[in-house]
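Notes follow once the structure below has been shown.
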Amino acid sequence: MELFLDTANLEEISLYGAFIDGITTNPTIMSRYAHNEHYSLVRKICGMVRGPVSVEVNSEDFEGMVQEGQKLATISNKVCVKLPCTFDGFMASKKLSAGGIPTNLTLCFSPTQALIAAKCGATYVSPFIGRLEDSGHDGILLLEEIAEIYQANEYETKILAASIRSVSHVVQAARIGVGAITLPPHVMQQCLEHPLTHKGMEIFSRNWENKK
Ligand code: G3P
């Protein structure tokens with residue numbers, strides 16, 4: 001299973017670089033860090049990680065998405081073009097993936113969107129767990145349904161669990177056996193820590209200092 005960090009902050013990428021396989025971004029994340037240097041930021045990120053860097057198109061129509069995707073792909077062969085689960089996004093995935101450009105179908109909220117993503121050659125499909133739960137639905141059930149459909153049909157598209165809000169989401173996604181999980185940096189930090197680890201260290205340290 002791949003672990004990605006959901007950020008475009010170079011310090012965070014450097015801090016957690018040892019634990020991650022790649023990066024995911026979206027227009028909101030890029031808008032925080034890219035300023036007027038979108039492509040140069042993508043290039044820097046690609047230089048910092050071994051695996052894929054998902055970068056989303058801003059166009060909403062097929063032609064624009066394909067052009068943007070092809071341009072993004074010239075930055076590095078690590079770029080994975082992120083496209084929305086819309087008619088145009090699916091069509092753009094079909095076109096880009098046929099040309100050897102990896103795609104990540106994002107804003108996935110239903111098993112049928114994931115099914116179409118697989119039919120369109122997507123490398124990844126990104127179900128948004130947290131946002132689905134915000135709207136009163138079961139995000140983990142969605143992961144289970146997609147996993148079942150992909151397994152039954154032997155689709156190669158990887159499930160990339162996204163919009164992760166908690167350590168519990170990470171555990172549940174990993175237990176289902178998704179292909180990848182993308183973590184916001186604060187959840188990555190929570191995954192590394194446990195209060196009993198710190199408490200245990202304090203006890204060990206105190207006992208060591210009080211040794212006879
Ligand atoms: O990778 C998708 C993720 O960036 C969306 O997360 O927390 O904005 O729902 P969130």
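Following the order of the structure tokens, first chain is A, next is B, and so on, with residues numbered from 1 inside each chain and ligands from 1 in the order they appear.
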**Prompt:** as a list in words, which residues of range 51-140 of chain A does DSSP assign to strand (DSSP E or B)?
**Reply:** Val53, Ser54, Val55, Glu56, Val79, Cys80, Val81, Lys82, Leu83, Pro84, Thr103, Asn104, Leu105, Thr106, Leu107, Cys108, Tyr124, Val125, Ser126, Pro127 and Phe128 of chain A
**Request:** Determine which residues of range 4-151 of chain A receive a DSSP assignment of alpha helix (DSSP H), computed from the backbone, and state them as a ChimeraX atom specification.
**Result:** /A:10-16,27-33,38-46,62-73,87-98,111-119,129-134,139-151
Exercise answer, 6 Å around ligand 1 with only C-alpha atoms and all ligand atoms, as a PDB file with N, CA, C and O atoms, in the first residue's frame:
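Printed below is pocket.pdb as written:
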ATOM      1  N   ASP A   6      -0.778  14.746   1.625  1.00  0.00           N
ATOM      2  CA  ASP A   6      -1.708  15.636   0.916  1.00  0.00           C
ATOM      3  C   ASP A   6      -1.308  17.079   1.200  1.00  0.00           C
ATOM      4  O   ASP A   6      -1.914  17.750   2.047  1.00  0.00           O
ATOM      5  N   ASN A  26      -4.365  19.434  -4.587  1.00  0.00           N
ATOM      6  CA  ASN A  26      -5.597  19.841  -5.282  1.00  0.00           C
ATOM      7  C   ASN A  26      -5.509  21.357  -5.446  1.00  0.00           C
ATOM      8  O   ASN A  26      -4.583  21.989  -4.895  1.00  0.00           O
ATOM      9  N   GLY A 130     -13.841  11.768   4.106  1.00  0.00           N
ATOM     10  CA  GLY A 130     -14.266  12.784   5.071  1.00  0.00           C
ATOM     11  C   GLY A 130     -15.437  13.617   4.552  1.00  0.00           C
ATOM     12  O   GLY A 130     -16.402  13.854   5.277  1.00  0.00           O
ATOM     13  N   ARG A 131     -15.342  14.047   3.306  1.00  0.00           N
ATOM     14  CA  ARG A 131     -16.410  14.911   2.772  1.00  0.00           C
ATOM     15  C   ARG A 131     -17.729  14.150   2.657  1.00  0.00           C
ATOM     16  O   ARG A 131     -18.802  14.717   2.840  1.00  0.00           O
ATOM     17  N   ALA A 162      -8.941   9.231   0.123  1.00  0.00           N
ATOM     18  CA  ALA A 162      -8.627  10.660   0.252  1.00  0.00           C
ATOM     19  C   ALA A 162      -9.630  11.339   1.176  1.00  0.00           C
ATOM     20  O   ALA A 162     -10.589  10.712   1.630  1.00  0.00           O
ATOM     21  N   SER A 163      -9.368  12.620   1.448  1.00  0.00           N
ATOM     22  CA  SER A 163     -10.174  13.384   2.406  1.00  0.00           C
ATOM     23  C   SER A 163     -10.197  12.632   3.738  1.00  0.00           C
ATOM     24  O   SER A 163     -11.238  12.400   4.334  1.00  0.00           O
TER      25      SER A 163
END
**Asked** Could you pull the residues within 9 Å of range 189-204 of chain A, counting only C-alpha atoms, minus those fewer than 5 positions along the same chain, as a PyMOL selection string?
**Response** chain A and resi 16+166-167+170+184+209
Take the selection from the previous step and output its residues with N, CA, C and O atoms, as a compact mmCIF listing (two decimals), in the first residue's frame.
# COMPACT_ATOMS: atom_id res chain seq x y z
N TYR A 16 8.36 14.61 6.39
CA TYR A 16 7.80 13.26 6.40
C TYR A 16 8.27 12.42 5.20
O TYR A 16 7.75 11.33 4.96
N SER A 166 -8.81 11.37 10.08
CA SER A 166 -8.43 10.81 11.40
C SER A 166 -7.56 9.57 11.23
O SER A 166 -7.53 8.95 10.16
N VAL A 167 -6.92 9.21 12.33
CA VAL A 167 -6.14 7.97 12.36
C VAL A 167 -7.06 6.77 12.12
O VAL A 167 -6.69 5.81 11.45
N VAL A 170 -7.46 6.07 8.59
CA VAL A 170 -6.26 5.42 8.02
C VAL A 170 -6.31 3.92 8.31
O VAL A 170 -6.08 3.09 7.41
N PRO A 184 -3.35 14.12 5.30
CA PRO A 184 -2.95 15.49 5.59
C PRO A 184 -1.82 15.43 6.63
O PRO A 184 -1.80 14.49 7.44
N GLU A 209 17.67 7.89 35.30
CA GLU A 209 18.36 8.96 36.04
C GLU A 209 18.47 8.64 37.53
O GLU A 209 19.39 9.09 38.20
**Item:** Straight-line distance linking CA of Lys82 in chain A with CA of Gly136 in chain A, stated in Å to one decimal
**Value:**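 Taking CA of Lys82 in chain A and CA of Gly136 in chain A, their separation equals 25.5 Å.
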**Message:** Need the shell around Ile23 in chain A: protein/DNA/RNA residues with any atom at most 7 Å away, counting only C-alpha atoms. Skip same-chain ones fewer than 3 positions apart. Format as a PyMOL selection string?
**Reply:** chain A and resi 4-7+52-54
